[in-house]
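Here is the file entry-v3.csv (CSV, C-alpha atoms (C1' of nucleotides)).
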```csv
chain,number,residue,atom,x,y,z
A,22,MET,CA,91.2,10.8,82.2
A,23,LYS,CA,88.9,12.7,84.5
A,24,ILE,CA,89.1,16.1,83.0
A,25,TYR,CA,88.2,15.0,79.5
A,26,GLU,CA,85.0,13.4,80.9
A,27,LYS,CA,84.2,16.7,82.5
A,28,LEU,CA,84.7,18.3,79.2
A,29,ARG,CA,82.4,15.9,77.4
A,30,ASN,CA,79.8,16.3,80.1
A,31,GLU,CA,79.9,20.0,80.1
A,32,LEU,CA,79.6,20.0,76.3
A,33,LYS,CA,76.6,17.7,76.4
A,34,LYS,CA,75.0,19.8,79.1
A,35,ARG,CA,75.2,22.8,76.7
A,36,HIS,CA,74.1,20.8,73.7
A,37,LEU,CA,77.4,21.4,72.0
A,38,ARG,CA,79.3,18.8,70.1
A,39,ILE,CA,82.2,16.8,71.2
A,40,THR,CA,85.0,17.2,68.6
A,41,SER,CA,88.6,16.1,68.4
A,42,GLN,CA,89.6,19.7,68.1
A,43,ARG,CA,88.1,20.6,71.4
A,44,GLU,CA,89.8,17.8,73.2
A,45,ALA,CA,93.1,18.6,71.5
A,46,VAL,CA,93.1,22.2,72.5
A,47,LEU,CA,92.4,21.4,76.1
A,48,SER,CA,95.2,18.7,76.0
A,49,VAL,CA,97.8,21.2,74.8
A,50,PHE,CA,97.1,23.4,77.8
A,51,LEU,CA,97.2,20.4,80.1
A,52,GLU,CA,100.5,19.2,78.7
A,53,ASN,CA,102.0,22.7,79.1
A,54,GLU,CA,100.9,23.8,82.4
A,55,GLY,CA,102.7,26.7,83.8
A,56,GLU,CA,103.4,28.0,80.3
A,57,HIS,CA,100.5,30.4,79.8
A,58,LEU,CA,100.3,29.8,76.0
A,59,THR,CA,98.9,32.3,73.5
A,60,ALA,CA,96.6,31.1,70.8
A,61,ASP,CA,99.5,31.1,68.4
A,62,GLU,CA,101.7,29.1,70.7
A,63,ALA,CA,99.0,26.5,71.2
A,64,TYR,CA,98.7,26.4,67.4
A,65,GLU,CA,102.4,25.7,67.0
A,66,LYS,CA,102.5,23.0,69.7
A,67,LEU,CA,99.6,21.3,68.1
A,68,SER,CA,101.1,21.4,64.7
A,69,HIS,CA,104.3,19.9,65.9
A,70,LYS,CA,102.4,17.0,67.3
A,71,ASN,CA,99.9,15.8,64.8
A,72,SER,CA,96.7,17.8,65.0
A,73,HIS,CA,96.4,20.4,62.3
A,74,ILE,CA,93.8,22.7,63.7
A,75,SER,CA,93.2,26.1,62.2
A,76,LYS,CA,94.0,29.1,64.2
A,77,ALA,CA,90.4,30.3,64.0
A,78,THR,CA,89.3,27.1,65.8
A,79,ILE,CA,91.9,27.6,68.4
A,80,TYR,CA,90.6,31.1,69.1
A,81,ARG,CA,87.0,29.9,69.2
A,82,THR,CA,87.9,27.0,71.4
A,83,VAL,CA,90.0,28.8,74.0
A,84,ASP,CA,87.1,31.2,74.3
A,85,LEU,CA,84.7,28.3,74.8
A,86,LEU,CA,86.9,26.5,77.3
A,87,LYS,CA,87.2,29.7,79.3
A,88,GLU,CA,83.4,30.2,79.3
A,89,MET,CA,83.1,26.6,80.5
A,90,GLY,CA,85.6,27.2,83.3
A,91,PHE,CA,88.5,25.0,82.0
A,92,LEU,CA,90.8,27.9,81.2
A,93,SER,CA,91.6,31.3,82.6
A,94,LYS,CA,92.7,34.2,80.6
A,95,VAL,CA,95.8,35.9,81.9
A,96,ASN,CA,97.5,39.0,80.7
A,97,PHE,CA,101.1,39.9,81.2
A,98,GLY,CA,101.1,43.2,79.3
A,99,ASP,CA,102.8,41.9,76.2
A,100,GLY,CA,99.9,42.5,74.0
A,101,MET,CA,98.7,38.9,73.6
A,102,GLU,CA,96.0,37.0,75.3
A,103,ARG,CA,97.3,34.1,77.2
A,104,TYR,CA,95.5,31.2,78.8
A,105,GLU,CA,96.2,28.7,81.5
A,106,VAL,CA,94.4,25.7,83.0
A,107,LYS,CA,92.1,26.7,85.8
A,108,ASP,CA,92.5,24.2,88.5
A,109,LEU,CA,89.6,24.5,90.7
A,110,ASN,CA,91.1,22.1,93.3
A,111,THR,CA,94.3,23.9,94.1
A,112,HIS,CA,94.8,27.3,95.6
A,113,GLN,CA,94.9,30.3,93.4
A,114,HIS,CA,98.3,31.6,92.3
A,115,HIS,CA,99.7,34.8,91.1
A,116,HIS,CA,102.4,35.8,88.5
A,117,LEU,CA,105.7,37.4,88.8
A,118,ILE,CA,106.9,38.7,85.4
A,119,CYS,CA,110.4,39.8,84.5
A,120,THR,CA,110.0,42.9,82.4
A,121,LYS,CA,113.4,42.3,80.8
A,122,CYS,CA,113.3,38.7,79.6
A,123,GLY,CA,109.6,38.0,79.9
A,124,GLN,CA,110.0,34.9,82.1
A,125,VAL,CA,107.0,34.2,84.2
A,126,TYR,CA,107.2,32.7,87.7
A,127,GLU,CA,104.2,31.5,89.7
A,128,ILE,CA,103.6,32.5,93.2
A,129,LYS,CA,101.8,29.8,94.9
A,130,GLU,CA,100.3,31.4,97.9
A,131,ASP,CA,96.9,32.8,97.7
A,132,LEU,CA,97.4,36.3,99.1
A,133,LEU,CA,93.8,37.3,98.7
A,134,GLU,CA,92.2,34.6,100.7
A,135,ASP,CA,89.6,36.8,102.4
A,136,VAL,CA,89.8,39.9,100.4
A,137,GLU,CA,87.2,38.9,97.9
A,138,LYS,CA,84.6,38.5,100.5
A,139,LEU,CA,85.5,41.8,102.1
A,140,ILE,CA,85.1,43.6,98.8
A,141,GLU,CA,81.8,41.9,98.0
A,142,GLU,CA,80.4,43.0,101.3
A,143,ARG,CA,81.6,46.6,100.9
A,144,THR,CA,80.7,47.1,97.2
A,145,GLY,CA,77.9,44.8,96.5
A,146,PHE,CA,79.8,43.3,93.6
A,147,LYS,CA,79.5,39.6,92.9
A,148,ILE,CA,83.2,38.8,92.4
A,149,GLN,CA,84.0,36.1,89.8
A,150,ASP,CA,87.8,36.3,89.5
A,151,HIS,CA,90.9,38.2,90.2
A,152,GLN,CA,94.3,38.6,88.7
A,153,LEU,CA,97.4,39.8,90.4
A,154,ASN,CA,100.7,40.4,88.6
A,155,PHE,CA,104.0,41.6,89.9
A,156,TYR,CA,106.4,43.1,87.5
A,157,GLY,CA,110.1,43.3,88.1
A,158,ILE,CA,113.6,42.2,87.2
A,159,CYS,CA,114.5,38.6,87.8
A,160,PRO,CA,117.8,37.7,89.4
A,161,LYS,CA,119.3,36.5,86.2
A,162,CYS,CA,118.6,39.8,84.4
A,163,GLN,CA,119.9,41.8,87.4
A,164,ALA,CA,123.2,39.9,87.2
A,165,SER,CA,123.5,40.5,83.4
A,166,LYS,CA,122.3,44.1,83.5
A,167,ASN,CA,125.5,45.6,82.1
A,168,GLU,CA,126.4,42.9,79.7
A,169,GLU,CA,125.4,43.0,76.1
A,170,LYS,CA,121.8,42.8,75.2
A,171,ASN,CA,119.9,39.7,76.1
A,172,THR,CA,118.9,37.1,73.5
A,173,GLU,CA,116.6,37.8,70.7
A,174,GLU,CA,114.2,35.4,72.3
A,175,ALA,CA,114.2,37.5,75.4
A,176,ALA,CA,113.8,40.7,73.6
A,177,ARG,CA,110.7,39.3,71.9
A,178,HIS,CA,109.2,38.6,75.3
A,179,SER,CA,110.1,41.7,77.1
A,180,ILE,CA,107.5,44.0,78.3
A,181,LYS,CA,107.2,47.7,77.6
B,9,MET,CA,101.0,73.9,88.0
B,10,LYS,CA,103.5,71.6,89.8
B,11,ILE,CA,103.3,68.5,87.6
B,12,TYR,CA,103.9,70.3,84.4
B,13,GLU,CA,107.1,71.7,85.8
B,14,LYS,CA,108.0,68.2,86.8
B,15,LEU,CA,107.4,67.2,83.2
B,16,ARG,CA,109.6,69.9,81.8
B,17,ASN,CA,112.3,69.1,84.2
B,18,GLU,CA,112.2,65.5,83.4
B,19,LEU,CA,112.3,66.2,79.7
B,20,LYS,CA,115.3,68.5,80.1
B,21,LYS,CA,117.1,65.9,82.2
B,22,ARG,CA,116.7,63.5,79.4
B,23,HIS,CA,117.6,66.0,76.7
B,24,LEU,CA,114.2,65.7,75.1
B,25,ARG,CA,112.2,68.5,73.8
B,26,ILE,CA,109.3,70.3,75.6
B,27,THR,CA,106.5,70.3,73.1
B,28,SER,CA,102.8,71.4,73.3
B,29,GLN,CA,101.8,67.9,72.4
B,30,ARG,CA,103.5,66.3,75.4
B,31,GLU,CA,101.9,68.7,77.7
B,32,ALA,CA,98.5,68.3,76.1
B,33,VAL,CA,98.6,64.5,76.4
B,34,LEU,CA,99.5,64.7,80.1
B,35,SER,CA,96.8,67.2,80.6
B,36,VAL,CA,94.1,65.0,79.2
B,37,PHE,CA,94.9,62.2,81.6
B,38,LEU,CA,95.0,64.7,84.5
B,39,GLU,CA,91.7,66.1,83.5
B,40,ASN,CA,90.1,62.6,83.3
B,41,GLU,CA,91.5,60.9,86.4
B,42,GLY,CA,89.8,57.7,87.2
B,43,GLU,CA,88.8,57.1,83.6
B,44,HIS,CA,91.7,54.9,82.4
B,45,LEU,CA,91.7,56.2,78.9
B,46,THR,CA,92.9,54.3,75.9
B,47,ALA,CA,95.1,56.1,73.3
B,48,ASP,CA,92.0,56.4,71.1
B,49,GLU,CA,89.9,57.9,73.9
B,50,ALA,CA,92.7,60.4,74.7
B,51,TYR,CA,92.7,61.3,71.0
B,52,GLU,CA,89.0,61.9,71.0
B,53,LYS,CA,89.1,64.0,74.1
B,54,LEU,CA,91.9,66.1,72.7
B,55,SER,CA,90.1,66.6,69.4
B,56,HIS,CA,87.0,67.8,71.1
B,57,LYS,CA,89.0,70.4,72.9
B,58,ASN,CA,91.4,72.2,70.6
B,59,SER,CA,94.5,70.2,70.2
B,60,HIS,CA,94.7,68.2,67.0
B,61,ILE,CA,97.4,65.7,67.8
B,62,SER,CA,97.9,62.7,65.6
B,63,LYS,CA,97.3,59.3,67.1
B,64,ALA,CA,100.8,58.3,66.3
B,65,THR,CA,102.0,61.0,68.6
B,66,ILE,CA,99.5,60.0,71.3
B,67,TYR,CA,100.9,56.5,71.2
B,68,ARG,CA,104.5,57.7,71.3
B,69,THR,CA,103.7,60.1,74.1
B,70,VAL,CA,101.9,57.8,76.5
B,71,ASP,CA,104.8,55.4,76.1
B,72,LEU,CA,107.2,58.2,77.0
B,73,LEU,CA,105.1,59.4,79.9
B,74,LYS,CA,105.0,55.9,81.2
B,75,GLU,CA,108.7,55.6,80.9
B,76,MET,CA,109.1,58.8,82.8
B,77,GLY,CA,106.8,57.7,85.5
B,78,PHE,CA,103.8,60.0,84.9
B,79,LEU,CA,101.4,57.3,83.7
B,80,SER,CA,100.8,53.7,84.5
B,81,LYS,CA,99.6,51.1,82.0
B,82,VAL,CA,96.6,49.2,83.2
B,83,ASN,CA,94.9,46.3,81.5
B,84,PHE,CA,91.3,45.3,82.0
B,85,GLY,CA,91.2,42.4,79.6
B,86,ASP,CA,89.2,44.3,76.9
B,87,GLY,CA,92.0,44.2,74.4
B,88,MET,CA,93.1,47.8,74.7
B,89,GLU,CA,96.0,49.4,76.5
B,90,ARG,CA,94.8,51.9,79.1
B,91,TYR,CA,96.7,54.5,81.0
B,92,GLU,CA,96.1,56.4,84.2
B,93,VAL,CA,98.0,59.1,86.1
B,94,LYS,CA,100.5,57.6,88.5
B,95,ASP,CA,100.2,59.5,91.7
B,96,LEU,CA,103.3,58.9,93.6
B,97,ASN,CA,102.0,60.6,96.7
B,98,THR,CA,98.9,58.6,97.3
B,99,HIS,CA,98.5,55.0,98.2
B,100,GLN,CA,98.3,52.4,95.5
B,101,HIS,CA,94.9,51.3,94.4
B,102,HIS,CA,93.3,48.4,92.6
B,103,HIS,CA,90.5,48.0,90.1
B,104,LEU,CA,87.2,46.3,90.3
B,105,ILE,CA,85.8,45.7,86.9
B,106,CYS,CA,82.3,44.7,85.9
B,107,THR,CA,82.5,42.0,83.3
B,108,LYS,CA,79.0,42.9,82.0
B,109,CYS,CA,79.0,46.7,81.6
B,110,GLY,CA,82.7,47.3,81.8
B,111,GLN,CA,82.4,49.9,84.5
B,112,VAL,CA,85.6,50.2,86.5
B,113,TYR,CA,85.7,51.1,90.2
B,114,GLU,CA,88.7,51.9,92.2
B,115,ILE,CA,89.6,50.2,95.4
B,116,LYS,CA,91.6,52.6,97.5
B,117,GLU,CA,93.2,50.4,100.1
B,118,ASP,CA,96.6,49.1,99.4
B,119,LEU,CA,96.2,45.4,100.1
B,120,LEU,CA,99.7,44.5,99.2
B,121,GLU,CA,101.6,46.8,101.7
B,122,ASP,CA,104.2,44.3,102.7
B,123,VAL,CA,103.8,41.6,100.1
B,124,GLU,CA,106.3,43.1,97.6
B,125,LYS,CA,109.1,43.1,100.1
B,126,LEU,CA,108.3,39.5,101.1
B,127,ILE,CA,108.4,38.4,97.4
B,128,GLU,CA,111.7,40.2,96.8
B,129,GLU,CA,113.2,38.4,99.7
B,130,ARG,CA,112.0,35.0,98.7
B,131,THR,CA,112.6,35.2,95.0
B,132,GLY,CA,115.4,37.7,94.5
B,133,PHE,CA,113.3,39.7,92.1
B,134,LYS,CA,113.6,43.5,92.1
B,135,ILE,CA,109.9,44.4,92.0
B,136,GLN,CA,108.9,47.5,90.1
B,137,ASP,CA,105.2,47.3,90.0
B,138,HIS,CA,102.1,45.3,90.5
B,139,GLN,CA,98.6,45.2,89.2
B,140,LEU,CA,95.6,43.7,90.9
B,141,ASN,CA,92.2,43.4,89.2
B,142,PHE,CA,89.0,42.0,90.5
B,143,TYR,CA,86.4,40.9,88.0
B,144,GLY,CA,82.7,40.5,88.8
B,145,ILE,CA,79.2,41.8,88.3
B,146,CYS,CA,78.3,45.2,89.7
B,147,PRO,CA,75.2,45.7,91.7
B,148,LYS,CA,73.4,47.5,88.8
B,149,CYS,CA,74.0,44.6,86.4
B,150,GLN,CA,73.0,42.0,89.0
B,151,ALA,CA,69.7,43.8,89.4
B,152,SER,CA,69.0,44.0,85.7
B,153,LYS,CA,70.3,40.5,84.9
B,154,ASN,CA,67.0,39.2,83.6
B,155,GLU,CA,65.9,42.3,81.8
B,156,GLU,CA,66.7,42.9,78.2
B,157,LYS,CA,70.2,43.4,77.1
B,158,ASN,CA,72.1,46.3,78.4
B,159,THR,CA,72.9,49.3,76.4
B,160,GLU,CA,75.0,49.3,73.3
B,161,GLU,CA,77.5,51.3,75.2
B,162,ALA,CA,77.7,48.7,77.9
B,163,ALA,CA,78.1,45.9,75.4
B,164,ARG,CA,81.0,47.7,73.8
B,165,HIS,CA,82.8,47.8,77.1
B,166,SER,CA,82.0,44.3,78.3
B,167,ILE,CA,84.7,41.9,78.9
B,168,LYS,CA,84.8,38.5,77.4
C,24,DC,C1',69.5,14.4,57.6
C,25,DT,C1',70.3,18.5,60.2
C,26,DC,C1',72.7,21.9,62.2
C,27,DG,C1',76.8,22.9,64.6
C,28,DC,C1',81.9,23.0,63.8
C,29,DT,C1',85.9,23.6,61.1
C,30,DG,C1',89.1,25.6,57.8
C,31,DC,C1',90.4,29.1,54.9
C,32,DA,C1',91.0,33.6,53.6
C,33,DA,C1',89.5,38.1,54.2
C,34,DA,C1',88.5,41.7,57.2
C,35,DG,C1',88.9,44.3,61.6
C,36,DC,C1',91.2,46.7,65.2
C,37,DC,C1',94.7,48.5,67.8
C,38,DT,C1',99.4,49.8,67.5
C,39,DT,C1',103.8,50.7,65.3
C,40,DT,C1',106.7,52.4,61.7
C,41,DG,C1',108.8,55.1,57.5
C,42,DC,C1',109.5,59.3,55.8
C,43,DA,C1',108.9,64.1,54.7
C,44,DT,C1',108.0,68.3,57.2
C,45,DT,C1',107.9,71.1,61.2
C,46,DC,C1',109.8,73.3,65.1
C,47,DG,C1',112.5,73.3,69.8
C,48,DC,C1',116.8,74.8,71.2
D,21,DG,C1',120.6,75.3,61.3
D,22,DC,C1',120.6,70.7,63.3
D,23,DG,C1',118.4,67.0,65.0
D,24,DA,C1',114.4,65.6,67.5
D,25,DA,C1',109.3,65.4,67.2
D,26,DT,C1',105.2,65.4,64.6
D,27,DG,C1',101.7,64.0,61.1
D,28,DC,C1',100.1,61.2,57.7
D,29,DA,C1',99.5,57.0,55.7
D,30,DA,C1',100.9,52.5,55.2
D,31,DA,C1',102.2,48.4,57.3
D,32,DG,C1',102.1,45.0,61.2
D,33,DG,C1',100.4,41.8,64.5
D,34,DC,C1',96.8,39.6,66.9
D,35,DT,C1',91.9,38.3,66.7
D,36,DT,C1',87.4,37.9,64.6
D,37,DT,C1',84.2,36.8,60.9
D,38,DG,C1',81.8,35.0,56.5
D,39,DC,C1',81.0,31.2,54.1
D,40,DA,C1',81.4,26.7,52.0
D,41,DG,C1',82.1,22.1,53.2
D,42,DC,C1',82.4,18.5,56.8
D,43,DG,C1',80.9,15.7,60.4
D,44,DA,C1',78.6,14.7,65.2
D,45,DG,C1',74.3,13.1,66.9
```
What would the structure in this file look like if it were written as structure tokens?
Amino acid sequence: MKIYEKLRNELKKRHLRITSQREAVLSVFLENEGEHLTADEAYEKLSHKNSHISKATIYRTVDLLKEMGFLSKVNFGDGMERYEVKDLNTHQHHHLICTKCGQVYEIKEDLLEDVEKLIEERTGFKIQDHQLNFYGICPKCQASKNEEKNTEEAARHSIK
Amino acid sequence: MKIYEKLRNELKKRHLRITSQREAVLSVFLENEGEHLTADEAYEKLSHKNSHISKATIYRTVDLLKEMGFLSKVNFGDGMERYEVKDLNTHQHHHLICTKCGQVYEIKEDLLEDVEKLIEERTGFKIQDHQLNFYGICPKCQASKNEEKNTEEAARHSIK
DNA sequence: CTCGCTGCAAAGCCTTTGCATTCGC
DNA sequence: GCGAATGCAAAGGCTTTGCAGCGAG
């Protein structure tokens, strides 16, 4: 597959080693696109498969993959660092987060097409990245607002 | 001052108590607008003045002030929760963060004037808030990019 | 063979919580 | 005086780090 070659090339270029762990960590994010996994979630998913990779390695690897441009860090205000595959070929997207159940939806349009350039011109910054999150209540939670408390699962993901 | 009256009214409305700590915490954010203080920074600023308020109370109070709409939580990817005064009268603003020295600049324009409504219509979400951050290298850090490492202070604020 | 990478456990940091005491109302 | 708020210290949760052993090149 193309992206694993890219990974190997990038590692070689930096004189770093190609290890099964590095490929496995990238794979778990590829196989769960749109899920914005935390390090811990990636660890669980990997454990359920085959690979027993230590959490320390997961943390070190997501950091490296981010540095090499394969992952982006995203933050939904729930106190954990989350990562997603950075697809350089597609448009950027933004996130719409339900503050009640924690569900995250992606907004496909790139609303900031020309804004980065504008800001670079005005401020002299060299812009590398941006992150746009909308917070609100999803239709499902609006509907159930007066019913009993949502699931435990939801409560765990809710945002303060 | 107007905003302290608003605080007292809001507390009364919720049958909560008016305490010196609650006013002091709000005051430190008002006196340091544009600084995006963490709980710990607020604690330090308060200690240097007069008020000795425990950190636990700071945490509890910023949370309450956010719930009541006096503060907004902002996140710059540095692993700490930051808060700023939420000025309901002015336009929204966004943040431009230098990933090297951690300096934060504010972008005054509201770039998302109509976007929220559009998203509400399309998705059925009830949008409460949004957060837009740009990450890049500020002019100063671009200039000094080949010089020796920036200050310790800067390193502490840098974003991975 | 060498040096980078991993795994494990311990340590670090920020934040939350339990409980006795204090203090609005 | 009653119950909420505070302070202190301990606990919690996520992330980083030290170090011995393993494994890629």
Please, which residues of chain A lie no more than 8 Å from chain B when the count uses only C-alpha atoms, and can they be set out as a PDB file with C-alpha atoms, in the frame of the given file?
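Generated file (result_32.pdb):
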```pdb
ATOM      1  CA  ASN A  96      97.500  39.000  80.700  1.00  0.00           C
ATOM      2  CA  GLY A  98     101.100  43.200  79.300  1.00  0.00           C
ATOM      3  CA  THR A 144      80.700  47.100  97.200  1.00  0.00           C
ATOM      4  CA  GLY A 145      77.900  44.800  96.500  1.00  0.00           C
ATOM      5  CA  PHE A 146      79.800  43.300  93.600  1.00  0.00           C
ATOM      6  CA  LYS A 147      79.500  39.600  92.900  1.00  0.00           C
ATOM      7  CA  ILE A 148      83.200  38.800  92.400  1.00  0.00           C
ATOM      8  CA  GLN A 149      84.000  36.100  89.800  1.00  0.00           C
ATOM      9  CA  ASP A 150      87.800  36.300  89.500  1.00  0.00           C
ATOM     10  CA  HIS A 151      90.900  38.200  90.200  1.00  0.00           C
ATOM     11  CA  GLN A 152      94.300  38.600  88.700  1.00  0.00           C
ATOM     12  CA  LEU A 153      97.400  39.800  90.400  1.00  0.00           C
ATOM     13  CA  ASN A 154     100.700  40.400  88.600  1.00  0.00           C
ATOM     14  CA  PHE A 155     104.000  41.600  89.900  1.00  0.00           C
ATOM     15  CA  TYR A 156     106.400  43.100  87.500  1.00  0.00           C
ATOM     16  CA  GLY A 157     110.100  43.300  88.100  1.00  0.00           C
ATOM     17  CA  ILE A 158     113.600  42.200  87.200  1.00  0.00           C
ATOM     18  CA  CYS A 159     114.500  38.600  87.800  1.00  0.00           C
ATOM     19  CA  PRO A 160     117.800  37.700  89.400  1.00  0.00           C
TER      20      PRO A 160
END
```
**Selection: 12 Å around DC22 (chain D), only C-alpha atoms (C1' of nucleotides), excl. self and same-chain fewer than 2 positions, as a list in words** =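 Contacts, with the query itself left out: DC46, DG47 and DC48 of chain C; DA24 of chain D.
Interface residues on chain D toward chain A (cut-off 9 Å, all atoms listed in the file): DC34, DT35, DT36, DA44 and DG45 of chain D.
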Output file for the residues above (C-alpha atoms (C1' of nucleotides), as a short mmCIF file (atom, residue, chain, number, x, y, z; two decimals), keeping the file's coordinate frame):
```
data_model
loop_
_atom_site.label_atom_id
_atom_site.label_comp_id
_atom_site.auth_asym_id
_atom_site.auth_seq_id
_atom_site.Cartn_x
_atom_site.Cartn_y
_atom_site.Cartn_z
"C1'" DC D 34 96.80 39.60 66.90
"C1'" DT D 35 91.90 38.30 66.70
"C1'" DT D 36 87.40 37.90 64.60
"C1'" DA D 44 78.60 14.70 65.20
"C1'" DG D 45 74.30 13.10 66.90
#
```
**Asked** What is the distance, in Å and to one decimal place, between C1' of DA29 (chain D) and C1' of DA43 (chain C)?
**Response**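 Spanning C1' of DA29 (chain D) to C1' of DA43 (chain C) is a straight-line distance of 11.8 Å.
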**Item:** Pairwise distance for CA of Gln100 (chain B) and CA of Lys116 (chain B), rounded to one decimal in Å
**Value:** 7.0 Å
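Here the question is which of A:Lys34, A:Arg43, A:Lys70, A:Lys23 gets nearest to chain C using all atoms listed in the file, and that residue is A:Arg43.
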Considering all atoms listed in the file, tabulate each residue of chain C that lies at most 10 Å from chain A along with its nearest interatomic pair and the corresponding distance in Å to one decimal; arrange the rows by chain and ascending residue number and present them as CSV.
```
residue,atom,partner,partner_atom,distance
C:DG27,C1',A:Arg38,CA,7.3
C:DC28,C1',A:Arg38,CA,8.0
C:DT29,C1',A:Thr78,CA,6.8
C:DG30,C1',A:Ser75,CA,6.0
C:DC31,C1',A:Ser75,CA,8.4
C:DT38,C1',A:Gly100,CA,9.8
```
**Asked** Suppose you want the space between CA of Glu41 (chain B) and CA of Ile180 (chain A); what is it in Å?
**Response**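 We find that CA of Glu41 (chain B) and CA of Ile180 (chain A) lie 24.6 Å from each other.
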**Request:** With only C-alpha atoms (C1' of nucleotides) counted, which protein, DNA or RNA residues have an atom no more than 12 Å from (86.9, 28.1, 83.4) in the file frame? Please answer as number ranges by chain.
**Result:** A: 27-28, 31, 47, 83-95, 104-109, 149-150
**Request:** Identify the residues within 12 Å of coordinate (96.6, 70.4, 77.7) (same frame as the file), considering only C-alpha atoms (C1' of nucleotides), and give the answer as a list of chain:residue names.
**Result:** B:Met9, B:Tyr12, B:Thr27, B:Ser28, B:Gln29, B:Arg30, B:Glu31, B:Ala32, B:Val33, B:Leu34, B:Ser35, B:Val36, B:Phe37, B:Leu38, B:Glu39, B:Asn40, B:Ala50, B:Tyr51, B:Lys53, B:Leu54, B:Ser55, B:His56, B:Lys57, B:Asn58, B:Ser59, B:His60, B:Ile61
